[in-house]
Every structure is written in structure tokens, then in C-alpha cells.
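Peer 1: My structure is in target_29.cif, and what it holds is mmCIF, C-alpha atoms:
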```
data_model
#
loop_
_atom_site.label_atom_id
_atom_site.label_comp_id
_atom_site.auth_asym_id
_atom_site.auth_seq_id
_atom_site.Cartn_x
_atom_site.Cartn_y
_atom_site.Cartn_z
CA MET O 1 0.00 0.00 0.00
CA LEU O 2 1.19 3.49 -0.81
CA HIS O 3 2.01 6.01 1.92
CA ARG O 4 0.66 9.48 1.35
CA SER O 5 3.57 11.58 2.72
CA ASP O 6 2.83 15.18 1.61
CA ARG O 7 0.14 14.31 -0.92
CA PRO O 8 -3.36 15.61 -0.08
CA MET O 9 -5.98 13.12 1.05
CA VAL O 10 -7.96 11.66 -1.85
CA SER O 11 -11.63 10.68 -1.85
CA VAL O 12 -13.00 8.68 -4.79
CA CYS O 13 -16.78 8.78 -5.23
CA MET O 14 -18.39 5.87 -7.06
CA ALA O 15 -22.08 5.34 -7.82
CA ALA O 16 -22.75 1.61 -8.17
CA TYR O 17 -25.76 -0.12 -9.67
CA ASN O 18 -25.82 -3.70 -10.96
CA GLY O 19 -22.09 -3.49 -11.55
CA ALA O 20 -21.09 -7.06 -10.73
CA ALA O 21 -19.60 -7.73 -14.16
CA PHE O 22 -16.89 -5.07 -13.96
CA ILE O 23 -16.75 -3.35 -10.57
CA VAL O 24 -14.00 -5.48 -8.99
CA GLU O 25 -11.60 -4.76 -11.87
CA GLN O 26 -12.33 -1.04 -11.62
CA ILE O 27 -11.90 -0.94 -7.84
CA SER O 28 -8.60 -2.81 -8.13
CA SER O 29 -7.27 -0.20 -10.57
CA ILE O 30 -8.31 2.57 -8.14
CA LEU O 31 -6.97 1.05 -4.93
CA ALA O 32 -3.57 0.50 -6.57
CA GLN O 33 -3.23 4.30 -6.71
CA LEU O 34 -4.67 5.23 -3.31
CA ALA O 35 -2.50 5.76 -0.28
CA GLU O 36 -3.10 4.71 3.28
CA GLY O 37 -5.68 7.12 4.66
CA ASP O 38 -7.36 7.80 1.31
CA GLU O 39 -10.91 6.57 0.75
CA LEU O 40 -13.13 5.04 -1.91
CA ILE O 41 -16.80 5.78 -1.24
CA VAL O 42 -19.04 3.27 -3.01
CA ILE O 43 -22.76 3.98 -2.77
CA ASP O 44 -24.83 1.08 -4.01
CA ASP O 45 -28.10 2.31 -5.50
CA CYS O 46 -30.18 -0.80 -4.69
CA SER O 47 -28.42 -3.22 -7.03
CA GLN O 48 -30.26 -6.43 -7.92
CA ASP O 49 -27.10 -8.43 -8.59
CA GLU O 50 -24.00 -9.35 -6.53
CA THR O 51 -22.44 -5.87 -6.55
CA VAL O 52 -22.58 -5.42 -2.77
CA GLU O 53 -21.20 -8.86 -1.98
CA LEU O 54 -18.34 -8.41 -4.44
CA VAL O 55 -17.35 -5.03 -2.99
CA GLN O 56 -17.53 -6.41 0.56
CA GLY O 57 -15.37 -9.33 -0.50
CA ILE O 58 -12.49 -7.04 -1.49
CA GLY O 59 -11.85 -6.44 2.19
CA ASP O 60 -9.97 -3.15 1.99
CA ALA O 61 -10.33 -0.69 4.87
CA ARG O 62 -10.18 2.26 2.48
CA ILE O 63 -13.55 1.29 0.96
CA ARG O 64 -16.63 2.93 2.50
CA LEU O 65 -19.58 0.92 1.21
CA ILE O 66 -22.98 2.52 1.70
CA ARG O 67 -26.22 0.83 0.69
CA SER O 68 -29.10 3.10 -0.32
CA GLU O 69 -32.52 2.20 1.03
CA ARG O 70 -34.15 3.11 -2.28
CA ASN O 71 -33.03 3.73 -5.84
CA ASN O 72 -32.15 7.41 -6.25
CA GLY O 73 -30.47 7.41 -9.67
CA TYR O 74 -26.87 8.22 -10.50
CA MET O 75 -27.20 12.02 -10.12
CA ARG O 76 -28.37 11.98 -6.51
CA THR O 77 -26.07 9.08 -5.67
CA PHE O 78 -23.03 11.08 -6.79
CA GLU O 79 -24.35 14.12 -4.93
CA ARG O 80 -24.57 12.08 -1.72
CA ALA O 81 -21.09 10.61 -2.18
CA ILE O 82 -19.55 14.04 -2.75
CA ALA O 83 -21.21 15.35 0.41
CA LEU O 84 -19.71 12.46 2.41
CA ALA O 85 -16.18 12.79 1.00
CA GLU O 86 -13.53 13.72 3.56
CA GLY O 87 -10.58 14.21 1.21
CA ASP O 88 -8.87 17.37 0.02
CA VAL O 89 -9.16 16.17 -3.59
CA ILE O 90 -12.29 14.42 -4.86
CA PHE O 91 -12.41 12.10 -7.86
CA LEU O 92 -15.56 10.82 -9.54
CA SER O 93 -15.59 7.26 -10.83
CA ASP O 94 -17.86 5.05 -12.88
CA GLN O 95 -18.10 1.39 -11.90
CA ASP O 96 -16.99 -0.16 -15.17
CA ASP O 97 -13.85 1.68 -16.38
CA VAL O 98 -10.16 1.11 -15.60
CA TRP O 99 -7.89 3.80 -14.18
CA LEU O 100 -4.55 4.11 -15.94
CA PRO O 101 -1.37 4.01 -13.83
CA GLY O 102 -0.28 7.40 -12.51
CA ARG O 103 -3.73 8.94 -12.84
CA VAL O 104 -4.08 10.18 -9.27
CA ASP O 105 -0.69 11.88 -9.11
CA ARG O 106 -1.12 13.42 -12.58
CA MET O 107 -4.54 14.84 -11.76
CA ILE O 108 -3.42 16.21 -8.38
CA GLU O 109 -0.47 17.94 -10.04
CA ALA O 110 -2.83 19.49 -12.61
CA LEU O 111 -4.97 20.86 -9.75
CA ASP O 112 -2.08 22.97 -8.47
CA ASP O 113 -3.81 26.32 -9.13
CA VAL O 114 -7.32 25.44 -10.33
CA GLU O 115 -10.50 23.95 -8.82
CA LEU O 116 -11.31 21.34 -11.46
CA VAL O 117 -9.27 19.21 -13.85
CA VAL O 118 -10.82 17.21 -16.70
CA SER O 119 -8.75 14.71 -18.67
CA ASN O 120 -9.07 12.82 -21.91
CA PHE O 121 -9.63 9.06 -21.98
CA GLY O 122 -8.91 5.94 -23.96
CA SER O 123 -11.51 3.25 -24.56
CA PHE O 124 -12.02 -0.45 -25.14
CA GLY O 125 -14.85 -2.88 -25.76
CA GLY O 126 -16.67 -0.96 -28.48
CA ALA O 127 -16.73 2.01 -30.82
CA LEU O 128 -17.02 5.60 -29.64
CA THR O 129 -19.60 7.96 -31.06
CA ALA O 130 -18.38 11.05 -32.90
CA VAL O 131 -19.06 13.20 -29.81
CA GLN O 132 -17.37 10.74 -27.44
CA ALA O 133 -14.30 10.72 -29.66
CA ARG O 134 -13.76 14.47 -29.29
CA ARG O 135 -10.65 15.47 -27.35
CA LEU O 136 -10.05 18.23 -24.84
CA ARG O 137 -7.24 20.65 -25.62
CA ALA O 138 -5.10 22.32 -22.98
CA VAL O 139 -5.23 25.60 -24.89
CA ASP O 140 -9.00 25.78 -24.30
CA SER O 141 -8.66 25.57 -20.51
CA THR O 142 -9.01 29.34 -20.04
CA ARG O 143 -11.67 29.91 -22.70
CA TRP O 144 -14.35 29.94 -20.03
CA ARG O 145 -17.30 31.23 -22.03
CA ARG O 146 -16.59 28.95 -24.97
CA ASN O 147 -16.27 25.98 -22.64
CA ILE O 148 -19.63 26.71 -21.05
CA PHE O 149 -21.33 27.14 -24.43
CA TRP O 150 -19.90 23.95 -25.92
CA ILE O 151 -20.62 21.94 -22.77
CA TRP O 152 -24.23 23.16 -23.00
CA PHE O 153 -24.33 22.42 -26.74
CA GLY O 154 -23.07 18.91 -26.03
CA THR O 155 -19.76 18.81 -27.87
CA ARG O 156 -17.21 19.65 -25.13
CA PRO O 157 -16.38 16.26 -23.52
CA TYR O 158 -16.72 16.95 -19.79
CA TYR O 159 -17.25 13.45 -18.34
CA GLY O 160 -17.47 12.93 -14.60
CA CYS O 161 -15.30 9.82 -14.78
CA CYS O 162 -12.50 12.06 -16.12
CA MET O 163 -12.79 14.69 -13.36
CA ALA O 164 -11.05 15.56 -10.12
CA PHE O 165 -11.65 18.68 -8.07
CA ARG O 166 -10.59 20.43 -4.90
CA SER O 167 -12.92 20.01 -1.94
CA ASP O 168 -13.35 23.81 -1.84
CA LEU O 169 -15.45 23.54 -5.00
CA ARG O 170 -18.01 21.47 -3.10
CA GLU O 171 -19.31 24.62 -1.40
CA ARG O 172 -20.60 25.81 -4.78
CA ILE O 173 -21.63 22.59 -6.48
CA LEU O 174 -23.72 21.30 -3.56
CA PRO O 175 -26.56 20.97 -3.45
CA PHE O 176 -27.12 20.11 -7.09
CA PRO O 177 -30.00 22.21 -8.47
CA SER O 178 -33.21 20.35 -7.64
CA TYR O 179 -34.46 20.56 -11.23
CA LEU O 180 -31.38 18.83 -12.68
CA THR O 181 -32.22 15.25 -13.60
CA GLU O 182 -29.07 14.45 -15.60
CA THR O 183 -25.53 15.66 -16.44
CA HIS O 184 -24.02 16.18 -12.99
CA ASP O 185 -20.66 16.35 -14.78
CA GLN O 186 -21.78 19.27 -16.94
CA TRP O 187 -22.97 21.01 -13.77
CA LEU O 188 -19.48 20.75 -12.28
CA GLY O 189 -18.06 22.09 -15.52
CA TYR O 190 -20.38 25.09 -15.48
CA VAL O 191 -19.51 26.01 -11.90
CA ALA O 192 -15.74 25.70 -12.31
CA ASN O 193 -15.72 27.56 -15.62
CA ALA O 194 -17.85 30.32 -14.08
CA ASP O 195 -15.07 30.54 -11.45
CA HIS O 196 -12.42 30.69 -14.23
CA SER O 197 -10.74 27.71 -12.57
CA VAL O 198 -10.46 24.71 -14.92
CA ARG O 199 -7.60 22.80 -16.52
CA HIS O 200 -7.92 20.43 -19.47
CA LEU O 201 -5.44 17.56 -19.23
CA GLU O 202 -4.70 16.23 -22.70
CA GLN O 203 -3.35 12.88 -21.50
CA ASP O 204 -5.62 9.86 -21.14
CA THR O 205 -6.04 9.00 -17.45
CA ILE O 206 -8.68 6.29 -17.71
CA SER O 207 -9.73 3.62 -20.14
CA ARG O 208 -13.50 3.71 -20.60
CA ARG O 209 -15.30 0.43 -21.15
CA ILE O 210 -17.84 0.81 -23.95
CA HIS O 211 -20.76 -1.59 -23.71
CA ASP O 212 -24.53 -1.67 -24.25
CA ALA O 213 -25.37 -0.34 -20.79
CA ASN O 214 -23.31 2.85 -21.14
CA SER O 215 -23.37 3.51 -24.88
CA SER O 216 -25.02 6.74 -25.93
CA LYS O 217 -28.59 6.26 -27.05
CA THR O 218 -29.96 7.96 -30.15
CA GLY O 219 -33.48 8.84 -31.18
CA ARG O 220 -34.26 11.42 -28.49
CA SER O 221 -37.27 13.50 -29.47
CA LEU O 222 -36.91 17.17 -30.31
CA GLY O 223 -39.09 18.03 -27.32
CA ALA O 224 -36.85 16.06 -24.96
CA ILE O 225 -33.77 17.79 -26.37
CA LEU O 226 -35.31 21.23 -25.93
CA ARG O 227 -36.38 20.47 -22.36
CA ALA O 228 -32.85 19.30 -21.54
CA ARG O 229 -31.35 22.47 -23.07
CA ILE O 230 -33.67 24.66 -21.02
CA MET O 231 -32.87 22.71 -17.85
CA THR O 232 -29.11 22.98 -18.35
CA GLY O 233 -29.46 26.63 -19.38
CA ARG O 234 -30.99 27.28 -15.98
CA ALA O 235 -28.02 25.47 -14.44
CA ILE O 236 -25.60 27.83 -16.20
CA LEU O 237 -27.34 30.84 -14.67
CA GLU O 238 -27.19 29.14 -11.27
CA ALA O 239 -23.46 28.44 -11.72
CA PHE O 240 -22.78 32.14 -12.23
CA ARG O 241 -24.91 32.98 -9.21
CA ARG O 242 -22.76 30.68 -7.06
CA ARG O 243 -19.37 31.69 -8.44
CA VAL O 244 -16.53 32.98 -6.30
CA LYS O 245 -16.88 36.69 -5.68
CA ALA O 246 -13.82 38.71 -6.67
#
```
Would you mind giving the structure from this file in C-alpha cells?

Peer 2:
Amino acid sequence: MLHRSDRPMVSVCMAAYNGAAFIVEQISSILAQLAEGDELIVIDDCSQDETVELVQGIGDARIRLIRSERNNGYMRTFERAIALAEGDVIFLSDQDDVWLPGRVDRMIEALDDVELVVSNFGSFGGALTAVQARRLRAVDSTRWRRNIFWIWFGTRPYYGCCMAFRSDLRERILPFPSYLTETHDQWLGYVANADHSVRHLEQDTISRRIHDANSSKTGRSLGAILRARIMTGRAILEAFRRRVKA
């Protein structure tokens, strides 16, 4: 096990639901990079498979396994995990990816003078959509207004599984707006860009597993798209309301 020395405490927040097929591999890739005293918060959202038993069977004291009494969905599950995190740096994690070696140290270094870092990712198991295949560029890190617009438009790849942020940001991202029913990762992006405090890390730090359960679905109606745009537009206004005052 690693010893933290001068590195800040890390909290990893994972929302789990019916993840038995892949969750042990993902947790193994995370624990290999956590130091003694770091934590992995796994909130199980009423899984119907062996997810809980598999996580319990890992037997690592750094895992905080919490079982929800009812299914709350991934947005509220991540919100709860972030609220419980005790670390100085908070990572978000899906249950079915694989963290690449050196990810934690690389992301912490990138957070030196910003609130939020978002990296690129590699993939395996299936083909990416055209939007998923887009890459973040370091040069765009300080183009705050453009970032917010393209996140809202849906073509700036701000994925929660590729994010880490300072615990100070939690004061402005929590609680999530009550009307938000999706895209917690975009919400984080709006808040940090409104604060002018984001860094894009061009390196891949995770390998995303592409499979039927997480592949982007097509065929959304025009009405559903418009409702989502209005909802996230409201979130942008809220992000500016909560931003750090100069």
C-alpha cells in the first residue's frame, strides 16, 4: 500500500448499480493508486445483482460501502457521495472503467492552481460515437465562455469519470439544483468555468469500457432535447450565481 507523505488526502466517489460484471476490476485499478488514509466511497443504489457482496469481498479498509434504502439514480447518488467525502481532492468514478497508472498523481499535479481538472480518456470494448471521440485541448482551458457554451451544446467532452476537483469547489456545487435530472458532470463544468478555474489535461487518465449499458442512445425526441437544453441553461445561470466573488 502506498504512503501518502505530503500528498493531499484523496476521496474517490463511485455510484454503483448492478455493476457485478466489472466493478472489482475497476476498484482494483483505483486502490492500486490510493494511499493509506485515502478513501473510496461506493454507494450502491439498490443493485439487484452481486455488486454489494463483491465489494464487501475485497476487504480493503479504504472502501466505505454505503447501501441506499431506495433507488435514487446516479445524479443523486453522486451528490450524496460528494457530500460524504472527507478528502482534500475528490475524484468521480464510474463502476466499469479502468484507471490508468499514474492517474491520481497526474490529476493532483494538474490541480495545483485550479479547482477542477478534466482529462481525456482511452476506450475499449466498443466504438465511440463522434461526440465521445472528441478530445479536450489544454489551450482551451481558459476559454471559459466557450467551454460553457460547448458543454451546453453537447460537444465539449466533460465526463465525470474524467474529473477531479478540490474540496473547496463542493461549497458551490452542492446541493445540485433540484431541477437537474441528468448531467451532474456538466454542472461541475459550469460552476468551475464560471469561477475561471479549470484545466484540461490532454493525456488519457482512464480507459472507458464501452458496452450496451453505457453507450449513448440515439433517437431522443426534439421536445426532450429542448427540455434538456432549457434545464441545463438554468443550471448555467445558477453556476454564475454561485461563483466565487472577486

Peer 1: For the file shown, what are the residues hit by the PyMOL selection byres ((chain O and resi 174) around 12), laid out as a PyMOL selection string?

Peer 2: chain O and resi 75-76+78-84+167-173+175-178+184+187-188+191+238-239+242

Peer 1: Between O:Ile230, O:Val131, O:Ala15, O:Val89, which has the minimum distance to Val104 in chain O (counting all atoms listed in the file)?

Peer 2: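 Of the candidates, the smallest distance to Val104 in chain O is held by O:Val89.
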
Peer 1: Which one is closest to Ile151 in chain O: O:Glu36, O:Asp49, O:Asp185, O:Asp60? Count only C-alpha atoms.

Peer 2: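 Result for the nearest residue to Ile151 in chain O: O:Asp185.
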
Peer 1: Care to translate the PyMOL selection byres ((chain O and resi 97) around 7) into actual residues of this file, as a list in words?

Peer 2: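 Those residues are Gln26, Asp94, Gln95, Asp96, Val98, Trp99, Ser207, Arg208 and Arg209 of chain O.
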
Peer 1: From the list O:Gly87, O:Gly102, O:Gly126, O:Gly160, which residue is nearest Leu31 in chain O when using all atoms listed in the file?

Peer 2: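 Checking each of O:Gly87, O:Gly102, O:Gly126, O:Gly160 against Leu31 in chain O, counting all atoms listed in the file, the winner is O:Gly102.
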